[in-house]
file input26.json (JSON, C-alpha atoms)
[["chain", "number", "residue", "atom", "x", "y", "z"],
["A", 1, "MET", "CA", -18.22, -28.11, -60.06],
["A", 2, "ASN", "CA", -14.74, -29.13, -58.93],
["A", 3, "LEU", "CA", -13.55, -25.52, -59.35],
["A", 4, "LEU", "CA", -16.47, -24.22, -57.25],
["A", 5, "ARG", "CA", -15.77, -26.81, -54.56],
["A", 6, "SER", "CA", -12.10, -25.83, -54.52],
["A", 7, "LEU", "CA", -12.99, -22.16, -54.14],
["A", 8, "ILE", "CA", -15.34, -22.96, -51.25],
["A", 9, "LEU", "CA", -12.61, -24.97, -49.52],
["A", 10, "VAL", "CA", -10.08, -22.17, -49.97],
["A", 11, "LEU", "CA", -12.51, -19.58, -48.57],
["A", 12, "ALA", "CA", -13.38, -21.83, -45.64],
["A", 13, "THR", "CA", -9.70, -22.32, -44.86],
["A", 14, "LEU", "CA", -9.10, -18.57, -44.94],
["A", 15, "VAL", "CA", -12.03, -17.92, -42.60],
["A", 16, "MET", "CA", -10.86, -20.60, -40.19],
["A", 17, "SER", "CA", -7.32, -19.23, -40.16],
["A", 18, "VAL", "CA", -8.52, -15.68, -39.47],
["A", 19, "THR", "CA", -10.85, -16.70, -36.64],
["A", 20, "ALA", "CA", -8.54, -19.35, -35.22],
["A", 21, "GLY", "CA", -5.63, -16.93, -34.87],
["A", 22, "PRO", "CA", -7.01, -14.93, -31.90],
["A", 23, "VAL", "CA", -8.44, -18.08, -30.31],
["A", 24, "ALA", "CA", -5.08, -19.81, -30.55],
["A", 25, "GLN", "CA", -3.37, -16.75, -29.08],
["A", 26, "ALA", "CA", -5.70, -16.82, -26.09],
["A", 27, "LEU", "CA", -5.29, -20.56, -25.60],
["A", 28, "ASP", "CA", -1.51, -20.34, -25.73],
["A", 29, "TYR", "CA", -1.24, -17.25, -23.53],
["A", 30, "PRO", "CA", 0.82, -16.86, -21.43],
["A", 31, "ILE", "CA", 3.82, -18.66, -22.85],
["A", 32, "HIS", "CA", 6.36, -17.30, -20.36],
["A", 33, "THR", "CA", 6.71, -15.02, -17.31],
["A", 34, "VAL", "CA", 4.12, -12.23, -16.96],
["A", 35, "ARG", "CA", 5.30, -8.96, -15.40],
["A", 36, "ILE", "CA", 2.88, -6.66, -13.62],
["A", 37, "VAL", "CA", 4.52, -3.24, -13.44],
["A", 38, "VAL", "CA", 3.46, -1.09, -10.47],
["A", 39, "GLY", "CA", 4.40, 2.59, -10.32],
["A", 40, "PHE", "CA", 4.61, 2.65, -6.53],
["A", 41, "GLY", "CA", 6.82, 1.02, -3.93],
["A", 42, "PRO", "CA", 6.39, -2.25, -2.03],
["A", 43, "GLY", "CA", 3.72, -2.11, 0.66],
["A", 44, "THR", "CA", 1.67, 0.63, -1.01],
["A", 45, "SER", "CA", -1.98, -0.04, -1.85],
["A", 46, "PRO", "CA", -1.36, -0.65, -5.60],
["A", 47, "ASP", "CA", 1.46, -3.04, -4.74],
["A", 48, "ILE", "CA", -0.72, -4.96, -2.28],
["A", 49, "VAL", "CA", -3.48, -5.30, -4.90],
["A", 50, "ALA", "CA", -0.97, -6.54, -7.48],
["A", 51, "ARG", "CA", 0.35, -9.16, -5.07],
["A", 52, "LEU", "CA", -3.18, -10.37, -4.33],
["A", 53, "LEU", "CA", -3.52, -11.03, -8.06],
["A", 54, "ASP", "CA", -0.15, -12.55, -8.91],
["A", 55, "ASP", "CA", -0.41, -15.73, -6.85],
["A", 56, "ARG", "CA", -3.89, -16.52, -8.18],
["A", 57, "LEU", "CA", -2.79, -15.88, -11.76],
["A", 58, "PHE", "CA", 0.15, -18.23, -11.26],
["A", 59, "GLN", "CA", -2.22, -20.89, -9.93],
["A", 60, "ALA", "CA", -4.47, -20.47, -12.97],
["A", 61, "TRP", "CA", -1.75, -20.39, -15.62],
["A", 62, "GLY", "CA", 1.18, -22.32, -14.18],
["A", 63, "LYS", "CA", 3.48, -19.56, -15.43],
["A", 64, "PRO", "CA", 5.45, -17.17, -13.19],
["A", 65, "VAL", "CA", 3.83, -13.79, -12.48],
["A", 66, "ILE", "CA", 6.16, -11.23, -10.96],
["A", 67, "ILE", "CA", 5.61, -7.73, -9.60],
["A", 68, "GLU", "CA", 7.98, -5.08, -10.85],
["A", 69, "ASN", "CA", 7.97, -1.88, -8.75],
["A", 70, "THR", "CA", 9.01, 0.99, -11.03],
["A", 71, "VAL", "CA", 8.72, 4.14, -8.95],
["A", 72, "GLY", "CA", 8.81, 7.77, -10.07],
["A", 73, "ALA", "CA", 6.97, 10.72, -11.64],
["A", 74, "ASN", "CA", 3.58, 9.88, -10.08],
["A", 75, "GLY", "CA", 3.51, 6.54, -11.90],
["A", 76, "ASN", "CA", 4.53, 7.90, -15.32],
["A", 77, "ILE", "CA", 7.77, 5.89, -15.46],
["A", 78, "ALA", "CA", 5.87, 2.64, -14.98],
["A", 79, "GLY", "CA", 3.23, 3.70, -17.50],
["A", 80, "GLU", "CA", 5.83, 4.50, -20.15],
["A", 81, "ARG", "CA", 7.62, 1.20, -19.47],
["A", 82, "VAL", "CA", 4.43, -0.75, -20.27],
["A", 83, "ALA", "CA", 3.37, 1.48, -23.18],
["A", 84, "ARG", "CA", 6.71, 0.70, -24.87],
["A", 85, "ALA", "CA", 6.59, -3.05, -24.12],
["A", 86, "GLU", "CA", 5.84, -5.80, -26.62],
["A", 87, "PRO", "CA", 2.02, -5.96, -27.00],
["A", 88, "ASP", "CA", 1.76, -9.67, -26.25],
["A", 89, "GLY", "CA", 0.17, -9.56, -22.78],
["A", 90, "HIS", "CA", 3.36, -10.47, -20.92],
["A", 91, "THR", "CA", 3.96, -6.95, -19.58],
["A", 92, "LEU", "CA", 0.99, -5.36, -17.80],
["A", 93, "LEU", "CA", 0.45, -2.15, -15.85],
["A", 94, "LEU", "CA", -1.34, -1.98, -12.54],
["A", 95, "ALA", "CA", -2.10, 1.75, -12.44],
["A", 96, "ALA", "CA", -3.65, 4.03, -9.87],
["A", 97, "ALA", "CA", -6.24, 6.40, -11.34],
["A", 98, "PRO", "CA", -4.01, 9.53, -11.46],
["A", 99, "VAL", "CA", -1.57, 7.92, -13.92],
["A", 100, "ILE", "CA", -4.35, 7.50, -16.46],
["A", 101, "VAL", "CA", -6.86, 10.30, -15.86],
["A", 102, "ILE", "CA", -4.99, 13.10, -14.02],
["A", 103, "ASN", "CA", -1.36, 13.08, -15.13],
["A", 104, "PRO", "CA", -2.13, 13.95, -18.78],
["A", 105, "SER", "CA", -3.49, 17.32, -17.58],
["A", 106, "LEU", "CA", -1.03, 17.74, -14.74],
["A", 107, "TYR", "CA", 2.26, 17.33, -16.60],
["A", 108, "GLU", "CA", 3.44, 19.80, -19.21],
["A", 109, "LYS", "CA", 4.97, 16.90, -21.13],
["A", 110, "MET", "CA", 3.81, 13.32, -20.71],
["A", 111, "PRO", "CA", 6.25, 10.56, -21.73],
["A", 112, "PHE", "CA", 3.37, 8.51, -23.13],
["A", 113, "ASP", "CA", -0.34, 8.82, -23.98],
["A", 114, "PRO", "CA", -2.37, 6.64, -21.58],
["A", 115, "VAL", "CA", -5.42, 6.58, -23.86],
["A", 116, "ARG", "CA", -3.68, 5.84, -27.16],
["A", 117, "GLU", "CA", -0.78, 3.71, -25.95],
["A", 118, "LEU", "CA", -2.51, 1.52, -23.37],
["A", 119, "VAL", "CA", -5.56, -0.71, -23.62],
["A", 120, "PRO", "CA", -7.87, -1.13, -20.58],
["A", 121, "ILE", "CA", -8.39, -4.63, -19.23],
["A", 122, "SER", "CA", -10.37, -4.04, -16.03],
["A", 123, "GLN", "CA", -10.85, -1.65, -13.16],
["A", 124, "LEU", "CA", -9.85, -3.91, -10.31],
["A", 125, "CYS", "CA", -11.04, -2.02, -7.25],
["A", 126, "ALA", "CA", -11.70, 1.40, -5.73],
["A", 127, "TYR", "CA", -11.80, 3.20, -2.42],
["A", 128, "ALA", "CA", -12.92, 6.57, -1.12],
["A", 129, "ASN", "CA", -10.86, 8.95, 0.97],
["A", 130, "ILE", "CA", -11.89, 10.38, 4.33],
["A", 131, "LEU", "CA", -11.83, 14.07, 5.24],
["A", 132, "ILE", "CA", -10.18, 14.32, 8.65],
["A", 133, "VAL", "CA", -9.36, 17.37, 10.79],
["A", 134, "SER", "CA", -6.99, 18.03, 13.65],
["A", 135, "ASN", "CA", -8.45, 18.06, 17.14],
["A", 136, "ASN", "CA", -7.27, 21.69, 17.26],
["A", 137, "VAL", "CA", -9.88, 22.56, 14.62],
["A", 138, "PRO", "CA", -13.26, 23.20, 16.28],
["A", 139, "ALA", "CA", -15.38, 22.10, 13.28],
["A", 140, "LYS", "CA", -17.60, 19.09, 13.93],
["A", 141, "ASN", "CA", -18.85, 18.73, 10.35],
["A", 142, "VAL", "CA", -18.03, 19.90, 6.82],
["A", 143, "GLN", "CA", -20.34, 22.92, 6.98],
["A", 144, "GLU", "CA", -18.61, 24.18, 10.12],
["A", 145, "LEU", "CA", -15.20, 23.56, 8.54],
["A", 146, "VAL", "CA", -16.14, 25.60, 5.46],
["A", 147, "ALA", "CA", -17.54, 28.40, 7.62],
["A", 148, "LEU", "CA", -14.26, 28.47, 9.56],
["A", 149, "ALA", "CA", -12.23, 28.60, 6.33],
["A", 150, "ARG", "CA", -14.35, 31.48, 5.04],
["A", 151, "ALA", "CA", -13.93, 33.39, 8.28],
["A", 152, "ARG", "CA", -10.15, 32.89, 8.27],
["A", 153, "PRO", "CA", -8.93, 32.94, 4.62],
["A", 154, "GLY", "CA", -5.54, 31.27, 4.21],
["A", 155, "ALA", "CA", -5.28, 30.33, 7.89],
["A", 156, "LEU", "CA", -6.24, 26.65, 7.53],
["A", 157, "THR", "CA", -3.87, 24.12, 5.97],
["A", 158, "TYR", "CA", -4.36, 20.73, 4.37],
["A", 159, "GLY", "CA", -1.75, 18.06, 3.84],
["A", 160, "SER", "CA", -1.32, 15.57, 1.04],
["A", 161, "ALA", "CA", 1.03, 12.87, -0.22],
["A", 162, "GLY", "CA", 2.41, 15.25, -2.84],
["A", 163, "PHE", "CA", 1.52, 17.48, -5.78],
["A", 164, "GLY", "CA", -0.90, 15.83, -8.18],
["A", 165, "SER", "CA", -2.01, 13.07, -5.82],
["A", 166, "THR", "CA", -5.73, 12.47, -5.44],
["A", 167, "LEU", "CA", -5.36, 13.67, -1.84],
["A", 168, "HIS", "CA", -4.04, 16.99, -3.17],
["A", 169, "LEU", "CA", -6.77, 17.31, -5.79],
["A", 170, "ALA", "CA", -9.50, 16.41, -3.28],
["A", 171, "GLY", "CA", -8.42, 19.49, -1.32],
["A", 172, "GLU", "CA", -8.41, 21.59, -4.50],
["A", 173, "LEU", "CA", -11.89, 20.33, -5.36],
["A", 174, "LEU", "CA", -13.16, 21.38, -1.93],
["A", 175, "LYS", "CA", -11.54, 24.80, -2.32],
["A", 176, "SER", "CA", -13.12, 25.21, -5.75],
["A", 177, "MET", "CA", -16.61, 24.09, -4.76],
["A", 178, "ALA", "CA", -16.69, 25.91, -1.41],
["A", 179, "LYS", "CA", -14.88, 29.03, -2.70],
["A", 180, "VAL", "CA", -12.44, 29.01, 0.22],
["A", 181, "ASP", "CA", -8.71, 29.68, 0.62],
["A", 182, "ILE", "CA", -6.89, 26.78, 2.33],
["A", 183, "LEU", "CA", -3.12, 26.35, 2.08],
["A", 184, "HIS", "CA", -1.83, 23.10, 0.55],
["A", 185, "VAL", "CA", 1.18, 21.53, 2.31],
["A", 186, "PRO", "CA", 2.62, 18.60, 0.31],
["A", 187, "TYR", "CA", 4.57, 15.77, 1.94],
["A", 188, "ARG", "CA", 6.26, 12.62, 0.72],
["A", 189, "GLY", "CA", 3.99, 9.69, 1.49],
["A", 190, "ALA", "CA", 1.65, 9.51, 4.47],
["A", 191, "VAL", "CA", 3.72, 11.69, 6.84],
["A", 192, "PHE", "CA", 0.96, 14.31, 6.74],
["A", 193, "SER", "CA", -1.18, 12.10, 9.02],
["A", 194, "GLN", "CA", 1.41, 12.41, 11.80],
["A", 195, "GLU", "CA", 1.52, 16.18, 11.27],
["A", 196, "LEU", "CA", -2.26, 16.30, 11.57],
["A", 197, "VAL", "CA", -2.20, 14.35, 14.84],
["A", 198, "ALA", "CA", 0.49, 16.72, 16.15],
["A", 199, "GLY", "CA", -1.72, 19.69, 15.30],
["A", 200, "ARG", "CA", 0.65, 21.17, 12.72],
["A", 201, "LEU", "CA", -1.94, 20.73, 9.97],
["A", 202, "SER", "CA", -5.62, 21.65, 10.02],
["A", 203, "MET", "CA", -7.05, 18.94, 7.79],
["A", 204, "ALA", "CA", -6.39, 16.32, 5.14],
["A", 205, "PHE", "CA", -8.05, 13.79, 2.89],
["A", 206, "ALA", "CA", -6.66, 10.34, 3.65],
["A", 207, "PRO", "CA", -7.32, 6.67, 2.76],
["A", 208, "PRO", "CA", -9.66, 4.86, 5.17],
["A", 209, "THR", "CA", -6.94, 2.45, 6.31],
["A", 210, "GLY", "CA", -4.99, 5.39, 7.72],
["A", 211, "ALA", "CA", -7.77, 7.83, 8.60],
["A", 212, "LEU", "CA", -10.28, 5.64, 10.42],
["A", 213, "PRO", "CA", -7.93, 4.07, 13.02],
["A", 214, "LEU", "CA", -6.73, 7.58, 13.95],
["A", 215, "ALA", "CA", -10.32, 8.78, 14.23],
["A", 216, "ARG", "CA", -11.38, 5.80, 16.33],
["A", 217, "GLU", "CA", -8.46, 6.42, 18.68],
["A", 218, "GLY", "CA", -9.57, 10.03, 19.04],
["A", 219, "LYS", "CA", -6.37, 11.43, 17.51],
["A", 220, "VAL", "CA", -8.23, 13.18, 14.66],
["A", 221, "ARG", "CA", -11.87, 13.79, 13.78],
["A", 222, "ALA", "CA", -13.46, 12.26, 10.65],
["A", 223, "LEU", "CA", -16.02, 14.50, 8.94],
["A", 224, "ALA", "CA", -16.99, 12.93, 5.61],
["A", 225, "VAL", "CA", -16.22, 10.38, 2.91],
["A", 226, "THR", "CA", -15.37, 11.42, -0.65],
["A", 227, "SER", "CA", -17.44, 8.82, -2.53],
["A", 228, "LEU", "CA", -21.02, 9.42, -3.71],
["A", 229, "GLU", "CA", -22.23, 6.59, -1.49],
["A", 230, "ARG", "CA", -21.47, 6.00, 2.17],
["A", 231, "TYR", "CA", -18.52, 3.81, 3.01],
["A", 232, "ALA", "CA", -19.43, 0.39, 4.43],
["A", 233, "GLY", "CA", -16.52, 0.54, 6.87],
["A", 234, "ALA", "CA", -17.93, 3.71, 8.48],
["A", 235, "PRO", "CA", -21.65, 3.80, 7.64],
["A", 236, "ASP", "CA", -22.39, 6.68, 10.03],
["A", 237, "LEU", "CA", -20.00, 8.98, 8.20],
["A", 238, "PRO", "CA", -21.80, 11.27, 5.70],
["A", 239, "THR", "CA", -20.61, 11.76, 2.13],
["A", 240, "MET", "CA", -19.30, 15.12, 0.92],
["A", 241, "ALA", "CA", -22.44, 15.27, -1.25],
["A", 242, "GLU", "CA", -24.64, 14.86, 1.81],
["A", 243, "SER", "CA", -22.56, 17.56, 3.49],
["A", 244, "GLY", "CA", -23.56, 20.20, 0.96],
["A", 245, "PHE", "CA", -21.35, 19.47, -2.05],
["A", 246, "PRO", "CA", -23.31, 17.57, -4.70],
["A", 247, "ASP", "CA", -21.21, 15.58, -7.19],
["A", 248, "PHE", "CA", -18.12, 15.74, -4.95],
["A", 249, "ASP", "CA", -16.55, 12.43, -5.88],
["A", 250, "VAL", "CA", -12.88, 11.57, -5.39],
["A", 251, "THR", "CA", -12.84, 7.81, -5.66],
["A", 252, "VAL", "CA", -9.43, 6.24, -6.17],
["A", 253, "TRP", "CA", -9.33, 3.18, -8.40],
["A", 254, "PHE", "CA", -6.66, 0.74, -9.50],
["A", 255, "GLY", "CA", -6.82, -0.76, -12.97],
["A", 256, "LEU", "CA", -5.03, -3.33, -15.09],
["A", 257, "LEU", "CA", -3.89, -2.23, -18.56],
["A", 258, "ALA", "CA", -1.76, -3.61, -21.39],
["A", 259, "PRO", "CA", 0.18, -2.05, -24.26],
["A", 260, "ALA", "CA", -1.94, -0.87, -27.18],
["A", 261, "ARG", "CA", -2.26, -3.44, -29.98],
["A", 262, "THR", "CA", -2.37, -6.32, -27.49],
["A", 263, "PRO", "CA", -4.61, -8.91, -29.23],
["A", 264, "PRO", "CA", -8.26, -8.60, -28.12],
["A", 265, "ALA", "CA", -8.40, -12.32, -27.32],
["A", 266, "ILE", "CA", -5.60, -11.90, -24.78],
["A", 267, "VAL", "CA", -7.24, -8.79, -23.30],
["A", 268, "ASP", "CA", -10.48, -10.75, -22.98],
["A", 269, "LYS", "CA", -8.73, -13.69, -21.32],
["A", 270, "LEU", "CA", -7.02, -11.35, -18.85],
["A", 271, "HIS", "CA", -10.32, -9.67, -18.04],
["A", 272, "ARG", "CA", -12.13, -12.96, -17.46],
["A", 273, "GLU", "CA", -9.33, -14.22, -15.24],
["A", 274, "THR", "CA", -9.13, -11.06, -13.11],
["A", 275, "ALA", "CA", -12.93, -10.92, -12.78],
["A", 276, "ARG", "CA", -12.90, -14.54, -11.58],
["A", 277, "ILE", "CA", -10.20, -13.78, -9.01],
["A", 278, "LEU", "CA", -12.03, -10.70, -7.73],
["A", 279, "ALA", "CA", -15.13, -12.84, -7.10],
["A", 280, "ILE", "CA", -13.25, -15.26, -4.80],
["A", 281, "PRO", "CA", -14.61, -14.79, -1.23],
["A", 282, "ASP", "CA", -11.26, -14.62, 0.56],
["A", 283, "ILE", "CA", -9.94, -12.10, -1.98],
["A", 284, "ARG", "CA", -13.05, -9.96, -1.46],
["A", 285, "LYS", "CA", -12.58, -10.21, 2.30],
["A", 286, "ARG", "CA", -8.95, -9.16, 2.01],
["A", 287, "PHE", "CA", -9.97, -6.15, -0.07],
["A", 288, "GLY", "CA", -12.67, -5.33, 2.46],
["A", 289, "ASP", "CA", -10.12, -5.40, 5.26],
["A", 290, "LEU", "CA", -8.14, -2.81, 3.31],
["A", 291, "GLY", "CA", -11.20, -0.60, 2.81],
["A", 292, "ILE", "CA", -11.21, -1.40, -0.91],
["A", 293, "GLU", "CA", -14.22, -2.37, -3.03],
["A", 294, "PRO", "CA", -13.59, -4.96, -5.80],
["A", 295, "ILE", "CA", -14.91, -4.01, -9.27],
["A", 296, "GLY", "CA", -13.75, -6.25, -12.12],
["A", 297, "ASN", "CA", -15.61, -4.47, -14.93],
["A", 298, "SER", "CA", -15.15, -5.12, -18.65],
["A", 299, "PRO", "CA", -12.57, -3.44, -20.91],
["A", 300, "ALA", "CA", -15.34, -1.38, -22.54],
["A", 301, "GLU", "CA", -16.72, -0.25, -19.16],
["A", 302, "PHE", "CA", -13.22, 0.61, -17.97],
["A", 303, "ALA", "CA", -12.56, 2.64, -21.13],
["A", 304, "ALA", "CA", -15.84, 4.54, -20.63],
["A", 305, "ALA", "CA", -14.90, 5.35, -17.03],
["A", 306, "ILE", "CA", -11.55, 6.73, -18.19],
["A", 307, "ASP", "CA", -13.24, 8.87, -20.84],
["A", 308, "ASP", "CA", -15.64, 10.27, -18.23],
["A", 309, "GLU", "CA", -12.94, 11.19, -15.72],
["A", 310, "ILE", "CA", -10.29, 12.83, -17.89],
["A", 311, "PRO", "CA", -12.26, 16.07, -18.59],
["A", 312, "LYS", "CA", -13.34, 16.35, -14.94],
["A", 313, "TRP", "CA", -9.76, 16.36, -13.67],
["A", 314, "ALA", "CA", -8.51, 18.48, -16.57],
["A", 315, "LYS", "CA", -10.97, 21.22, -15.58],
["A", 316, "LEU", "CA", -9.91, 21.12, -11.92],
["A", 317, "VAL", "CA", -6.18, 21.10, -12.72],
["A", 318, "ARG", "CA", -6.65, 24.04, -15.09],
["A", 319, "GLU", "CA", -8.69, 26.08, -12.60],
["A", 320, "ALA", "CA", -6.22, 25.35, -9.79],
["A", 321, "GLY", "CA", -3.29, 26.30, -12.00],
["A", 322, "ILE", "CA", -1.32, 23.16, -11.16],
["A", 323, "LYS", "CA", 1.47, 22.10, -13.51],
["A", 324, "LEU", "CA", 4.34, 19.63, -13.04],
["A", 325, "HIS", "CA", 7.39, 19.48, -15.26],
["A", 326, "ASP", "CA", 8.63, 15.91, -14.77]]

call {"tool": "encode", "arguments": {"input": "input26.json", "output": "structure tokens"}}
result
Amino acid sequence: MNLLRSLILVLATLVMSVTAGPVAQALDYPIHTVRIVVGFGPGTSPDIVARLLDDRLFQAWGKPVIIENTVGANGNIAGERVARAEPDGHTLLLAAAPVIVINPSLYEKMPFDPVRELVPISQLCAYANILIVSNNVPAKNVQELVALARARPGALTYGSAGFGSTLHLAGELLKSMAKVDILHVPYRGAVFSQELVAGRLSMAFAPPTGALPLAREGKVRALAVTSLERYAGAPDLPTMAESGFPDFDVTVWFGLLAPARTPPAIVDKLHRETARILAIPDIRKRFGDLGIEPIGNSPAEFAAAIDDEIPKWAKLVREAGIKLHD
């Protein structure tokens, strides 16, 4: 009887130690400074989102949370930095969608594998782009724009923030679906908007924060939004799907990820904390002012979204023949 009791106590102790380990990790986390690595410069949309999070995380944890801007290679340098970090939750990646779902198809050689070497925590937020045209272009809607492109192959141009950006691939998606020839003109950053206003470009896809003020001032004309649902900030603007291109969806999201092998209890704690922050009314208002919709989904839902998007972009990149070396 004593031997049986001893065995039961040993087994109970083992079970408690196995289950208590992750719980203790979550309770203790974080134990020092947390770094959120952003692959884009200060003042960019991903950077702004990261800085909306860091102060609230500091308030919740009482531990410093700093933003580390690591720019280069369409976000790949930042992604590799986090993928190689200690998997203890103290180095996180705030990634824009292309880093995770487009770059693996776009680059001939990726420095890391976003699916295998990072673990999703939560999609934080998303926004749709706006199709805008120069006032020199006579089209008043998407159908007229496509008809003009078909009548003048190669004569129209569209600008973007660079090769491989979602603004570039939105143009390639339109070309593919409409079977038209429009010349891509890449720029560094948002300079293409100024070129559009000056009439040196025909059209572009642009974030709402840049596109809508120009349209409201009459400097460009907005034709459609790239999400499947209408944008609350411009409810009269039709979607690309409503304009004759079903399933046209170029929604840009930002997500929080950690190195693979980060303990599930820490991932869960990070998800719960970010979801709580994204539900705060003044945070939601700030996002709304930026034209961004908060999400805050679970790690499993985020992983499923990634799995859905990778083949979509791989197909488009392959058909467009786009490849980047580094």

call {"tool": "closest_residue", "arguments": {"input": "input26.json", "among": "A:Gly210, A:Ser134, A:Trp313, A:Pro235", "to": "Ala198 of chain A", "atoms": "only C-alpha atoms"}}
result
A:Ser134

call {"tool": "residues_near_point", "arguments": {"input": "input26.json", "point": "(1.5, 25.1, 1.8)", "cutoff": "12 Å", "atoms": "only C-alpha atoms", "output": "count of residues only"}}
result
22

call {"tool": "residues_around", "arguments": {"input": "input26.json", "residues": "segment 238-250 of chain A", "least_positions_apart": "3", "cutoff": "10 Å", "atoms": "only C-alpha atoms", "output": "VMD selection string"}}
result
chain A and resid 127 to 131 141 to 143 166 to 167 169 to 171 173 to 174 177 to 178 205 222 to 231 234 to 235 253

call {"tool": "closest_residue", "arguments": {"input": "input26.json", "among": "A:Leu148, A:Val191, A:Ile31, A:Val180", "to": "Ala161 of chain A", "atoms": "all atoms listed in the file"}}
result
A:Val191

call {"tool": "closest_residue", "arguments": {"input": "input26.json", "among": "A:His90, A:Lys179, A:Arg261, A:Arg35", "to": "Pro120 of chain A", "atoms": "all atoms listed in the file"}}
result
A:Arg261

call {"tool": "atom_distance", "arguments": {"input": "input26.json", "atom1": "atom CA of Phe58 of chain A", "atom2": "atom CA of Gly72 of chain A"}}
result
27.4 Å
